[in-house]
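Colleague: Sending over start-v1.txt (compact mmCIF, C-alpha atoms).
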# COMPACT_ATOMS: atom_id res chain seq x y z
CA MET A 1 14.62 -19.37 0.21
CA GLU A 2 13.36 -20.26 3.67
CA LEU A 3 15.74 -17.78 5.23
CA LEU A 4 14.42 -15.05 2.95
CA PHE A 5 10.82 -15.89 3.90
CA TYR A 6 11.60 -15.52 7.59
CA LEU A 7 13.64 -12.35 6.99
CA PHE A 8 10.91 -10.56 5.04
CA SER A 9 8.15 -11.78 7.36
CA ALA A 10 10.12 -10.44 10.31
CA VAL A 11 10.59 -7.08 8.54
CA MET A 12 6.89 -6.90 7.76
CA ILE A 13 5.67 -7.89 11.23
CA LEU A 14 8.18 -5.84 13.23
CA PHE A 15 7.57 -2.65 11.27
CA GLY A 16 3.84 -3.38 11.49
CA LEU A 17 4.28 -3.48 15.24
CA GLY A 18 6.06 -0.15 14.95
CA VAL A 19 2.95 1.35 13.30
CA VAL A 20 0.81 0.36 16.27
CA VAL A 21 3.13 1.26 19.14
CA SER A 22 4.83 4.46 17.99
CA ARG A 23 3.23 7.63 19.28
CA ASN A 24 4.38 9.92 16.51
CA PRO A 25 2.19 9.63 13.38
CA VAL A 26 5.14 10.32 11.07
CA THR A 27 7.01 7.35 12.57
CA SER A 28 3.90 5.22 12.11
CA ALA A 29 3.64 6.18 8.45
CA LEU A 30 7.30 5.45 7.73
CA CYS A 31 7.06 2.11 9.56
CA LEU A 32 4.06 1.26 7.41
CA VAL A 33 6.10 2.00 4.28
CA MET A 34 8.78 -0.47 5.41
CA SER A 35 6.12 -3.01 6.32
CA PHE A 36 4.70 -2.73 2.80
CA VAL A 37 8.16 -3.18 1.30
CA GLY A 38 8.51 -6.44 3.26
CA LEU A 39 5.06 -7.48 2.05
CA ALA A 40 6.05 -6.73 -1.55
CA CYS A 41 9.11 -8.97 -1.12
CA LEU A 42 6.80 -11.76 0.09
CA PHE A 43 4.62 -11.24 -3.00
CA ILE A 44 7.68 -11.55 -5.23
CA GLN A 45 8.67 -14.74 -3.40
CA LEU A 46 5.21 -16.07 -4.19
CA ASP A 47 5.93 -15.45 -7.91
CA ALA A 48 3.40 -12.61 -8.04
CA PHE A 49 5.95 -10.19 -9.49
CA PHE A 50 3.52 -7.66 -10.86
CA ILE A 51 1.52 -7.42 -7.65
CA GLY A 52 4.75 -6.93 -5.72
CA ILE A 53 5.71 -3.99 -7.93
CA ILE A 54 2.18 -2.57 -7.74
CA GLN A 55 2.31 -2.86 -3.96
CA ILE A 56 5.40 -0.65 -3.90
CA LEU A 57 4.20 1.74 -6.61
CA VAL A 58 0.69 2.30 -5.32
CA TYR A 59 0.94 1.76 -1.57
CA ALA A 60 4.47 2.81 -0.67
CA GLY A 61 4.73 5.33 -3.50
CA ALA A 62 1.36 7.05 -3.68
CA VAL A 63 -0.86 6.16 -0.74
CA MET A 64 1.76 6.57 1.99
CA VAL A 65 2.93 9.86 0.48
CA LEU A 66 -0.68 11.00 0.72
CA PHE A 67 -0.74 9.95 4.39
CA LEU A 68 2.47 11.90 5.09
CA PHE A 69 1.02 14.92 3.27
CA ILE A 70 -2.05 14.85 5.49
CA ILE A 71 0.05 14.46 8.65
CA MET A 72 2.13 17.48 7.65
CA LEU A 73 -0.99 19.41 6.67
CA LEU A 74 -2.82 18.81 9.91
CA ASP A 75 0.30 19.29 12.04
CA LEU A 76 -0.52 16.42 14.38
CA LYS A 77 2.18 16.87 16.98
CA ALA A 78 -0.41 17.57 19.67
CA GLU A 79 -1.62 13.99 19.54
CA GLU A 80 1.39 12.80 21.51
CA GLY A 81 1.25 12.48 25.27
CA ARG A 82 -2.44 11.83 25.67
CA GLN A 83 -3.29 9.58 28.54
CA ILE A 84 -3.94 5.94 27.75
CA ASN A 85 -7.27 4.24 28.31
CA TYR A 86 -6.11 1.06 30.04
CA LEU A 87 -9.44 -0.73 29.68
CA ALA A 88 -9.38 -0.32 25.89
CA LEU A 89 -5.71 -1.34 25.86
CA ALA A 90 -6.39 -4.57 27.76
CA GLY A 91 -9.45 -5.35 25.65
CA GLY A 92 -7.62 -4.83 22.38
CA LEU A 93 -4.63 -6.88 23.44
CA ILE A 94 -6.79 -9.76 24.67
CA LEU A 95 -8.83 -9.76 21.46
CA CYS A 96 -5.72 -9.89 19.30
CA LEU A 97 -4.04 -12.55 21.44
CA VAL A 98 -7.14 -14.72 21.21
CA PHE A 99 -7.15 -14.23 17.45
CA VAL A 100 -3.50 -15.22 17.09
CA VAL A 101 -3.84 -18.25 19.41
CA GLN A 102 -6.91 -19.43 17.52
CA LEU A 103 -5.15 -18.98 14.21
CA GLY A 104 -2.10 -20.87 15.42
CA SER A 105 -4.13 -23.75 16.77
CA VAL A 106 -6.16 -24.03 13.57
CA LEU A 107 -3.07 -23.92 11.35
CA THR A 108 -1.12 -26.48 13.38
CA SER A 109 -3.94 -29.01 13.31
CA PHE A 110 -4.86 -28.48 9.68
CA GLU A 111 -2.63 -28.70 6.64
CA ALA A 112 -3.89 -26.16 4.13
CA GLY A 113 -3.37 -26.59 0.43
CA ASP A 114 -1.98 -29.63 -1.31
CA VAL A 115 -0.24 -31.60 1.41
CA GLY A 116 3.51 -31.90 1.01
CA LYS A 117 3.48 -30.32 -2.43
CA THR A 118 5.23 -26.98 -2.38
CA PRO A 119 5.70 -25.83 -5.93
CA GLN A 120 8.97 -24.17 -6.75
CA GLN A 121 9.38 -21.96 -9.74
CA PRO A 122 11.38 -24.30 -12.01
CA GLU A 123 8.58 -26.87 -11.95
CA MET A 124 6.02 -24.27 -12.76
CA THR A 125 5.44 -24.91 -16.38
CA THR A 126 2.67 -26.22 -18.48
CA ASP A 127 2.56 -27.96 -21.83
CA LYS A 128 -0.94 -26.65 -22.36
CA ASN A 129 -1.43 -23.24 -23.89
CA PRO A 130 -3.54 -21.43 -21.29
CA GLU A 131 -6.29 -20.18 -23.58
CA GLY A 132 -4.07 -18.66 -26.23
CA LEU A 133 -1.05 -16.78 -24.96
CA SER A 134 1.29 -15.09 -27.40
CA GLU A 135 4.41 -16.69 -28.83
CA LEU A 136 6.55 -14.51 -26.59
CA ALA A 137 4.77 -15.68 -23.44
CA MET A 138 5.02 -19.31 -24.54
CA GLU A 139 8.74 -18.90 -25.19
CA ARG A 140 9.16 -17.54 -21.67
CA MET A 141 7.27 -20.49 -20.33
CA ALA A 142 9.47 -22.90 -22.28
CA GLU A 143 12.46 -21.27 -20.61
CA LYS A 144 10.72 -22.02 -17.30
CA LYS A 145 10.13 -18.35 -16.61
CA LEU A 146 6.73 -17.09 -15.61
CA PRO A 147 5.18 -14.46 -17.94
CA ASP A 148 3.36 -12.98 -14.97
CA VAL A 149 2.07 -9.73 -16.49
CA HIS A 150 0.78 -11.52 -19.60
CA LEU A 151 -1.21 -13.95 -17.50
CA VAL A 152 -2.58 -11.25 -15.21
CA GLY A 153 -3.61 -9.12 -18.17
CA TRP A 154 -5.18 -12.09 -19.89
CA THR A 155 -7.22 -13.01 -16.81
CA LEU A 156 -8.28 -9.44 -16.07
CA PHE A 157 -9.43 -8.62 -19.58
CA THR A 158 -11.09 -11.88 -20.54
CA LYS A 159 -12.96 -12.72 -17.34
CA TYR A 160 -13.25 -9.51 -15.36
CA ASN A 161 -14.46 -6.92 -17.86
CA PHE A 162 -17.62 -6.01 -16.00
CA PRO A 163 -15.92 -5.60 -12.57
CA LEU A 164 -13.41 -3.36 -14.33
CA GLN A 165 -16.20 -1.01 -15.41
CA VAL A 166 -17.59 -1.04 -11.87
CA VAL A 167 -14.13 -0.12 -10.56
CA ALA A 168 -13.99 2.74 -13.07
CA VAL A 169 -17.32 4.04 -11.76
CA LEU A 170 -15.97 3.72 -8.20
CA LEU A 171 -12.93 5.80 -9.14
CA LEU A 172 -15.21 8.38 -10.80
CA VAL A 173 -17.32 8.62 -7.64
CA SER A 174 -14.25 8.95 -5.43
CA THR A 175 -12.85 11.71 -7.67
CA ILE A 176 -16.12 13.60 -7.34
CA GLY A 177 -16.08 13.02 -3.58
CA VAL A 178 -12.52 14.27 -3.18
CA VAL A 179 -13.13 17.38 -5.29
CA LEU A 180 -16.39 18.21 -3.50
CA LEU A 181 -14.99 17.67 0.01
CA SER A 182 -11.91 19.74 -0.70
CA LYS A 183 -13.49 22.49 -2.76
CA ARG A 184 -16.19 23.32 -0.24
CA LYS A 185 -13.57 24.32 2.29
CA LEU A 186 -11.80 26.67 -0.07
CA THR A 187 -14.73 29.03 -0.24
CA MET B 188 9.90 -26.16 3.71
CA ILE B 189 7.64 -23.13 3.53
CA THR B 190 4.06 -24.23 3.16
CA LEU B 191 0.78 -22.41 2.71
CA ASN B 192 0.32 -22.55 6.48
CA HIS B 193 3.36 -20.33 7.03
CA TYR B 194 2.03 -17.66 4.72
CA LEU B 195 -1.44 -17.86 6.25
CA PHE B 196 0.00 -17.48 9.74
CA VAL B 197 2.08 -14.43 8.79
CA SER B 198 -0.93 -12.91 7.07
CA GLY B 199 -3.08 -13.58 10.14
CA LEU B 200 -0.42 -11.99 12.34
CA LEU B 201 -0.43 -8.86 10.18
CA PHE B 202 -4.22 -8.80 10.34
CA ALA B 203 -4.15 -9.08 14.14
CA LEU B 204 -1.66 -6.20 14.30
CA GLY B 205 -3.94 -4.08 12.18
CA LEU B 206 -6.93 -5.02 14.33
CA SER B 207 -5.08 -4.09 17.51
CA GLY B 208 -4.10 -0.79 15.91
CA VAL B 209 -7.75 -0.03 15.11
CA ILE B 210 -8.82 -0.85 18.66
CA LEU B 211 -5.93 0.63 20.62
CA ARG B 212 -5.02 3.82 18.82
CA ARG B 213 -7.01 7.00 19.27
CA SER B 214 -5.74 8.95 16.29
CA LEU B 215 -7.91 8.69 13.18
CA ILE B 216 -4.89 8.74 10.86
CA VAL B 217 -3.22 5.79 12.59
CA ILE B 218 -6.52 3.89 12.64
CA PHE B 219 -6.70 4.43 8.91
CA MET B 220 -3.16 3.12 8.45
CA SER B 221 -4.06 0.02 10.45
CA LEU B 222 -7.03 -0.53 8.15
CA GLU B 223 -4.63 -0.49 5.22
CA MET B 224 -2.53 -3.11 7.02
CA MET B 225 -5.56 -5.36 7.43
CA LEU B 226 -6.41 -5.04 3.72
CA SER B 227 -2.82 -5.93 2.83
CA ALA B 228 -2.96 -9.00 5.08
CA ALA B 229 -6.00 -10.16 3.12
CA ASN B 230 -4.03 -9.55 -0.09
CA LEU B 231 -1.15 -11.69 1.18
CA SER B 232 -3.39 -14.65 1.96
CA LEU B 233 -5.09 -14.30 -1.44
CA VAL B 234 -1.77 -14.35 -3.29
CA ALA B 235 -0.59 -17.30 -1.21
CA PHE B 236 -3.78 -19.21 -2.03
CA SER B 237 -3.37 -18.41 -5.71
CA ARG B 238 0.24 -19.60 -5.67
CA PHE B 239 -0.43 -22.87 -3.85
CA HIS B 240 -3.50 -23.77 -5.88
CA LEU B 241 -1.98 -24.54 -9.24
CA VAL B 242 -4.16 -24.75 -12.31
CA ASP B 243 -2.37 -26.61 -15.12
CA GLY B 244 0.94 -25.92 -13.43
CA LEU B 245 0.34 -22.16 -13.21
CA PRO B 246 -0.85 -20.08 -10.26
CA ASN B 247 -4.56 -19.43 -10.11
CA TYR B 248 -4.77 -15.93 -11.53
CA ASN B 249 -8.36 -15.37 -10.46
CA GLY B 250 -7.04 -14.74 -6.95
CA GLN B 251 -4.53 -12.20 -8.22
CA ALA B 252 -7.24 -10.39 -10.18
CA LEU B 253 -9.14 -10.03 -6.91
CA VAL B 254 -6.00 -8.56 -5.33
CA PHE B 255 -5.95 -5.92 -8.07
CA PHE B 256 -9.50 -4.92 -7.30
CA ILE B 257 -8.75 -4.79 -3.55
CA ILE B 258 -5.76 -2.51 -4.14
CA THR B 259 -7.92 -0.26 -6.32
CA VAL B 260 -10.72 -0.05 -3.76
CA ALA B 261 -8.18 0.62 -0.99
CA ALA B 262 -6.61 3.50 -2.92
CA ALA B 263 -10.01 5.06 -3.66
CA GLU B 264 -10.96 4.60 -0.01
CA VAL B 265 -7.77 6.32 1.16
CA ALA B 266 -8.36 9.30 -1.12
CA VAL B 267 -11.95 9.84 0.08
CA GLY B 268 -11.23 8.93 3.71
CA LEU B 269 -8.35 11.36 4.02
CA ALA B 270 -10.48 14.10 2.44
CA ILE B 271 -13.11 13.39 5.11
CA ILE B 272 -10.46 13.48 7.87
CA VAL B 273 -9.23 16.85 6.62
CA ALA B 274 -12.80 18.19 6.53
CA LEU B 275 -13.32 16.90 10.07
CA PHE B 276 -10.10 18.54 11.22
CA ARG B 277 -11.18 21.85 9.74
CA ALA B 278 -14.46 21.65 11.64
CA ARG B 279 -13.18 20.36 15.00
CA GLN B 280 -9.41 20.98 15.12
CA THR B 281 -8.81 17.40 16.27
CA THR B 282 -8.37 13.92 14.81
CA SER B 283 -8.72 11.98 18.05
CA VAL B 284 -11.70 9.64 18.19
CA ASP B 285 -12.21 10.53 21.86
CA ASP B 286 -13.14 14.08 20.90
CA ILE B 287 -15.45 13.15 18.04
CA THR B 288 -18.43 11.56 19.69
CA SER B 289 -21.41 13.25 18.06
CA MET B 290 -22.65 12.98 14.50
CA LYS B 291 -23.65 16.64 14.28
CA TYR B 292 -21.94 19.71 15.56
CA MET C 293 21.42 -20.04 -3.53
CA ASN C 294 19.88 -18.02 -6.27
CA THR C 295 22.57 -15.77 -7.75
CA ASP C 296 20.15 -13.88 -10.01
CA TYR C 297 19.22 -11.59 -7.14
CA LEU C 298 22.81 -10.82 -6.12
CA PRO C 299 22.85 -7.38 -7.84
CA ILE C 300 19.78 -6.39 -5.83
CA LEU C 301 21.55 -7.36 -2.62
CA VAL C 302 24.58 -5.33 -3.68
CA GLN C 303 22.36 -2.36 -4.42
CA PHE C 304 20.70 -2.65 -1.01
CA LEU C 305 24.12 -2.71 0.64
CA ILE C 306 25.28 0.34 -1.32
CA ALA C 307 22.10 2.25 -0.50
CA GLY C 308 22.24 1.38 3.19
CA GLY C 309 25.97 2.05 3.36
CA PHE C 310 25.57 5.45 1.70
CA ALA C 311 22.88 6.48 4.17
CA ALA C 312 24.90 5.24 7.16
CA VAL C 313 28.14 6.89 6.02
CA THR C 314 26.39 10.21 5.31
CA LEU C 315 24.78 10.24 8.74
CA LEU C 316 28.04 9.28 10.41
CA ILE C 317 30.03 11.98 8.62
CA SER C 318 27.48 14.65 9.48
CA VAL C 319 27.53 13.60 13.14
CA VAL C 320 31.34 13.56 13.30
CA LEU C 321 31.87 16.83 11.45
CA GLY C 322 28.96 18.58 13.16
CA LYS C 323 30.27 17.91 16.64
CA THR C 324 31.83 21.34 17.04
CA ALA C 325 28.68 23.10 15.87
CA GLN C 326 26.56 21.28 18.46
CA GLN C 327 28.20 23.05 21.37
CA ARG C 328 25.36 25.49 21.86
CA SER C 329 25.28 28.42 24.20
CA GLU C 330 22.91 31.24 25.00
CA VAL C 331 24.93 33.76 23.05
CA LYS C 332 25.31 31.50 20.05
CA ASP C 333 21.54 30.96 19.68
CA GLN C 334 20.78 34.65 19.57
CA ALA C 335 19.94 36.41 16.34
CA TYR C 336 22.96 37.91 14.62
CA GLU C 337 23.39 41.64 15.30
CA CYS C 338 20.22 43.41 14.21
CA GLY C 339 18.60 40.25 12.80
CA MET C 340 14.88 39.62 13.43
CA LEU C 341 13.89 37.47 16.38
CA PRO C 342 12.17 34.34 15.05
CA ILE C 343 8.43 34.14 15.74
CA GLY C 344 5.74 31.57 14.94
CA GLU C 345 5.92 28.02 13.68
CA THR C 346 8.92 26.68 11.87
CA GLN C 347 6.76 24.40 9.73
CA PRO C 348 4.22 26.36 7.71
CA ARG C 349 1.04 24.50 6.83
CA PHE C 350 0.59 23.29 3.31
CA SER C 351 -2.10 24.77 1.14
CA VAL C 352 -5.19 22.71 0.43
CA LYS C 353 -4.21 22.62 -3.25
CA PHE C 354 -1.27 20.29 -2.61
CA TYR C 355 -3.26 17.42 -1.20
CA LEU C 356 -6.06 17.84 -3.70
CA VAL C 357 -3.53 17.24 -6.46
CA ALA C 358 -2.00 14.35 -4.48
CA MET C 359 -5.38 12.62 -4.07
CA LEU C 360 -6.20 13.02 -7.75
CA PHE C 361 -2.76 11.58 -8.52
CA VAL C 362 -3.56 8.45 -6.48
CA ILE C 363 -6.80 7.94 -8.38
CA PHE C 364 -5.23 8.29 -11.81
CA ASP C 365 -2.26 6.18 -10.71
CA ILE C 366 -4.69 3.29 -10.42
CA GLU C 367 -5.68 3.82 -14.04
CA VAL C 368 -2.09 3.22 -15.12
CA VAL C 369 -1.98 0.05 -12.99
CA PHE C 370 -4.73 -1.43 -15.11
CA LEU C 371 -3.40 0.02 -18.36
CA TYR C 372 -0.03 -1.71 -18.04
CA PRO C 373 -1.09 -5.42 -18.11
CA TRP C 374 -3.58 -4.52 -20.84
CA ALA C 375 -0.79 -3.06 -22.97
CA VAL C 376 1.46 -6.06 -22.35
CA SER C 377 -1.25 -8.54 -23.34
CA PHE C 378 -2.57 -6.45 -26.22
CA GLN C 379 -0.83 -8.52 -28.92
CA GLU C 380 -2.55 -11.62 -27.62
CA PHE C 381 -5.95 -9.92 -27.65
CA VAL C 382 -5.45 -8.78 -31.25
CA ARG C 383 -4.23 -12.18 -32.42
CA ASP C 384 -7.11 -14.05 -30.82
CA GLY C 385 -9.67 -11.40 -31.74
CA VAL C 386 -10.71 -10.71 -28.15
CA TRP C 387 -12.22 -7.35 -28.98
CA VAL C 388 -14.09 -7.19 -25.69
CA ALA C 389 -10.76 -6.41 -24.01
CA PHE C 390 -10.32 -3.37 -26.26
CA TYR C 391 -13.83 -2.03 -25.67
CA SER C 392 -13.57 -2.74 -21.94
CA MET C 393 -10.42 -0.62 -21.68
CA LEU C 394 -12.10 2.03 -23.84
CA GLY C 395 -14.99 2.14 -21.35
CA PHE C 396 -12.62 2.21 -18.37
CA VAL C 397 -10.58 5.08 -19.74
CA GLY C 398 -13.76 6.83 -20.90
CA ILE C 399 -15.32 6.77 -17.44
CA LEU C 400 -12.07 8.02 -15.89
CA PHE C 401 -11.95 10.73 -18.55
CA LEU C 402 -15.33 11.89 -17.22
CA ALA C 403 -13.73 12.08 -13.77
CA TYR C 404 -10.87 14.12 -15.23
CA LEU C 405 -13.30 16.47 -16.99
CA TYR C 406 -15.19 16.93 -13.73
CA ALA C 407 -12.02 17.79 -11.81
CA LEU C 408 -10.98 20.16 -14.59
CA LYS C 409 -14.36 21.89 -14.71
CA LYS C 410 -14.46 22.31 -10.93
CA GLY C 411 -11.03 23.93 -11.10
CA ALA C 412 -9.39 21.31 -8.92
CA LEU C 413 -6.28 21.34 -11.08
CA ARG C 414 -6.01 25.11 -11.40
CA TRP C 415 -2.97 26.12 -9.39
CA SER C 416 -3.39 29.90 -9.14
CA ASP C 417 -6.69 31.23 -7.92
Can you turn what I pasted into structure tokens?
Modeller:
Amino acid sequence: MELLFYLFSAVMILFGLGVVVSRNPVTSALCLVMSFVGLACLFIQLDAFFIGIIQILVYAGAVMVLFLFIIMLLDLKAEEGRQINYLALAGGLILCLVFVVQLGSVLTSFEAGDVGKTPQQPEMTTDKNPEGLSELAMERMAEKKLPDVHLVGWTLFTKYNFPLQVVAVLLLVSTIGVVLLSKRKLT
Amino acid sequence: MITLNHYLFVSGLLFALGLSGVILRRSLIVIFMSLEMMLSAANLSLVAFSRFHLVDGLPNYNGQALVFFIITVAAAEVAVGLAIIVALFRARQTTSVDDITSMKY
Amino acid sequence: MNTDYLPILVQFLIAGGFAAVTLLISVVLGKTAQQRSEVKDQAYECGMLPIGETQPRFSVKFYLVAMLFVIFDIEVVFLYPWAVSFQEFVRDGVWVAFYSMLGFVGILFLAYLYALKKGALRWSD
């Protein structure tokens, strides 16, 4: 399991580096897709199966396709070969290095979470019924499997009903924005 | 043994990469992609926190609900942001931030 | 080692191997065709000389549809866990979950009606 963590982290970070350093926007977009696939694998390792699938479906499947569409539409080949602003380059690199060093020093001196207790999936079970799950979900739990989607759905629709409506309004507003911004150019 | 610290460090590394992309790159599209990377780094740390903070032996699903809302907001943001970039490109024929320095044209 | 994920590994290997073998075969077999010359690149007999870009720009309609797809894709993301947990909601009488999804879908239906009325989904102008 540790090997897989390092493998997928390396995939995610290296392809993320590819997004930043490659000069061709199409290469950047495809690197970002691979980086998101590595991230989805990390989600699945963290037993967040549904979020892992959603990460691939929504980000790698829909959002990145939209990015590639826009790159094709705008025909961005001319962006290559611009001269580099070395001051901005140095500033950005220093800022990020400082961030990483700070993060590393904080994380080495401070043990986050429950110390020495790393839960593995077989132990993850409960004798309590978490606020009324179905028989099916409880059977899964008795088999020491995690009924991930049941629990996510239960949490979302018992505790987060109002934020859900707000999100719906946000999607409505963004639909209107997209249609307005695109339609005005057609005429 | 993989602990919460490992996940937090990887997530911070991804965030730093996204930050450097936003600062270093001049193309609006790549800046936007780097923003997506930073949002995903936040998602990773949220899921890691939810997994390592067990409630009755189960992950804390409040954190994962927040991840759902972040993914939703990011997708809506991408749709509107790319529409704005296309509108900008139609008006100026460029997507480089060096060429877009005035609010009005 | 967890053997449950072995089929996924096998599938990855097959997918990667297929891509590699296809690329390799096309490189090996295409070697003779890559010997280009001035005469070979010319248009055949009275064929037209190529002018302009090889990649035509997409119409604005394509990305409008793509953006609307992303927005309604999100709707399905929320619909799926709701559908999976629906039995539990019915059994425990959590009717607020039902009405909340009704409101969510209703608001997004307004968005759909707006896009329809503005003609964003009409393909031929």
Colleague: Hey, could you make a per-residue contact list for chain C against chain A with 7 Å as the cut-off, showing the nearest pair of atoms and its distance in Å to one decimal, counting all atoms listed in the file, sorted by chain and number, as a tab-separated table?
Modeller:
residue	atom	partner	partner_atom	distance
C:Arg349	CA	A:Leu73	CA	5.5
C:Phe350	CA	A:Leu73	CA	5.4
C:Tyr355	CA	A:Phe69	CA	6.7
C:Leu356	CA	A:Ser182	CA	6.8
C:Ala358	CA	A:Leu66	CA	6.3
C:Met359	CA	A:Leu66	CA	6.9
C:Leu360	CA	A:Thr175	CA	6.8
C:Val362	CA	A:Ala62	CA	5.8
C:Ile363	CA	A:Leu171	CA	6.5
C:Pro373	CA	A:Gly153	CA	4.5
C:Trp374	CA	A:Gly153	CA	5.3
C:Val376	CA	A:His150	CA	6.2
C:Ser377	CA	A:His150	CA	5.2
C:Glu380	CA	A:Ser134	CA	5.2
C:Ala389	CA	A:Phe157	CA	5.1
C:Ser392	CA	A:Asn161	CA	5.9
C:Gly395	CA	A:Gln165	CA	6.8
C:Phe396	CA	A:Ala168	CA	5.5
C:Ile399	CA	A:Ala168	CA	6.1
C:Leu400	CA	A:Leu172	CA	6.0
C:Ala403	CA	A:Leu172	CA	5.0
C:Ala407	CA	A:Val179	CA	6.6
C:Ala412	CA	A:Val179	CA	6.5
Colleague: So, with all atoms listed in the file as the atoms that count, which of A:Asn85, A:Gln102, A:Ser9, A:Thr27 lies closest to B:His193?
Modeller: A:Ser9
Colleague: Within 8 Å of chain A, which residues of chain B show up when using only C-alpha atoms, listed as a CSV table (one decimal) with C-alpha atoms, in the coordinates of the input?
Modeller:
chain,number,residue,atom,x,y,z
B,188,MET,CA,9.9,-26.2,3.7
B,189,ILE,CA,7.6,-23.1,3.5
B,190,THR,CA,4.1,-24.2,3.2
B,191,LEU,CA,0.8,-22.4,2.7
B,192,ASN,CA,0.3,-22.6,6.5
B,196,PHE,CA,0.0,-17.5,9.7
B,197,VAL,CA,2.1,-14.4,8.8
B,199,GLY,CA,-3.1,-13.6,10.1
B,200,LEU,CA,-0.4,-12.0,12.3
B,201,LEU,CA,-0.4,-8.9,10.2
B,203,ALA,CA,-4.2,-9.1,14.1
B,204,LEU,CA,-1.7,-6.2,14.3
B,205,GLY,CA,-3.9,-4.1,12.2
B,206,LEU,CA,-6.9,-5.0,14.3
B,207,SER,CA,-5.1,-4.1,17.5
B,208,GLY,CA,-4.1,-0.8,15.9
B,210,ILE,CA,-8.8,-0.8,18.7
B,211,LEU,CA,-5.9,0.6,20.6
B,212,ARG,CA,-5.0,3.8,18.8
B,214,SER,CA,-5.7,9.0,16.3
B,216,ILE,CA,-4.9,8.7,10.9
B,217,VAL,CA,-3.2,5.8,12.6
B,220,MET,CA,-3.2,3.1,8.4
B,221,SER,CA,-4.1,0.0,10.4
B,224,MET,CA,-2.5,-3.1,7.0
B,231,LEU,CA,-1.2,-11.7,1.2
B,234,VAL,CA,-1.8,-14.4,-3.3
B,235,ALA,CA,-0.6,-17.3,-1.2
B,236,PHE,CA,-3.8,-19.2,-2.0
B,238,ARG,CA,0.2,-19.6,-5.7
B,239,PHE,CA,-0.4,-22.9,-3.8
B,240,HIS,CA,-3.5,-23.8,-5.9
B,243,ASP,CA,-2.4,-26.6,-15.1
B,244,GLY,CA,0.9,-25.9,-13.4
B,245,LEU,CA,0.3,-22.2,-13.2
B,248,TYR,CA,-4.8,-15.9,-11.5
B,249,ASN,CA,-8.4,-15.4,-10.5
B,251,GLN,CA,-4.5,-12.2,-8.2
B,252,ALA,CA,-7.2,-10.4,-10.2
B,254,VAL,CA,-6.0,-8.6,-5.3
B,255,PHE,CA,-6.0,-5.9,-8.1
B,256,PHE,CA,-9.5,-4.9,-7.3
B,259,THR,CA,-7.9,-0.3,-6.3
B,260,VAL,CA,-10.7,0.0,-3.8
B,262,ALA,CA,-6.6,3.5,-2.9
B,263,ALA,CA,-10.0,5.1,-3.7
B,264,GLU,CA,-11.0,4.6,0.0
B,265,VAL,CA,-7.8,6.3,1.2
B,266,ALA,CA,-8.4,9.3,-1.1
B,267,VAL,CA,-12.0,9.8,0.1
B,269,LEU,CA,-8.4,11.4,4.0
B,270,ALA,CA,-10.5,14.1,2.4
B,271,ILE,CA,-13.1,13.4,5.1
B,273,VAL,CA,-9.2,16.8,6.6
B,274,ALA,CA,-12.8,18.2,6.5
B,276,PHE,CA,-10.1,18.5,11.2
B,283,SER,CA,-8.7,12.0,18.0
Colleague: Rounded to one decimal place, report the atom CA of B:Pro246-atom CA of C:Phe370 distance in Å.
Modeller: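 Atom-to-atom, atom CA of B:Pro246 to atom CA of C:Phe370, that is 19.7 Å.
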Colleague: Have a look at atom CA of A:Leu4 and atom CA of A:Met141 and let me know their distance in Å, one decimal.
Modeller: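 It comes out at 25.0 Å.
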Colleague: Between atom CA of C:Tyr406 and atom CA of B:Leu253, what distance in Å does the model show, to one decimal?
Modeller: 28.5 Å
Colleague: Identify which of the residues C:Leu405, C:Val369, C:Val388, C:Ala375 lies closest to chain B, counting only C-alpha atoms when measuring atom-to-atom distances.
Modeller: C:Val369
Colleague: Would you kindly place N, CA and C atoms on stretch 388-395 of chain C and return the model as a compact mmCIF listing (two decimals), in the coordinates of the input?
Modeller:
# COMPACT_ATOMS: atom_id res chain seq x y z
N VAL C 388 -13.45 -7.68 -26.92
CA VAL C 388 -14.09 -7.19 -25.69
C VAL C 388 -13.06 -6.54 -24.77
N ALA C 389 -11.80 -7.02 -24.83
CA ALA C 389 -10.76 -6.41 -24.01
C ALA C 389 -10.52 -4.97 -24.43
N PHE C 390 -10.53 -4.73 -25.75
CA PHE C 390 -10.32 -3.37 -26.26
C PHE C 390 -11.44 -2.45 -25.81
N TYR C 391 -12.70 -2.91 -26.01
CA TYR C 391 -13.83 -2.03 -25.67
C TYR C 391 -13.93 -1.83 -24.16
N SER C 392 -13.52 -2.87 -23.39
CA SER C 392 -13.57 -2.74 -21.94
C SER C 392 -12.59 -1.67 -21.47
N MET C 393 -11.37 -1.66 -22.07
CA MET C 393 -10.42 -0.62 -21.68
C MET C 393 -10.89 0.74 -22.16
N LEU C 394 -11.56 0.76 -23.34
CA LEU C 394 -12.10 2.03 -23.84
C LEU C 394 -13.13 2.58 -22.84
N GLY C 395 -13.99 1.70 -22.32
CA GLY C 395 -14.99 2.14 -21.35
C GLY C 395 -14.34 2.61 -20.06
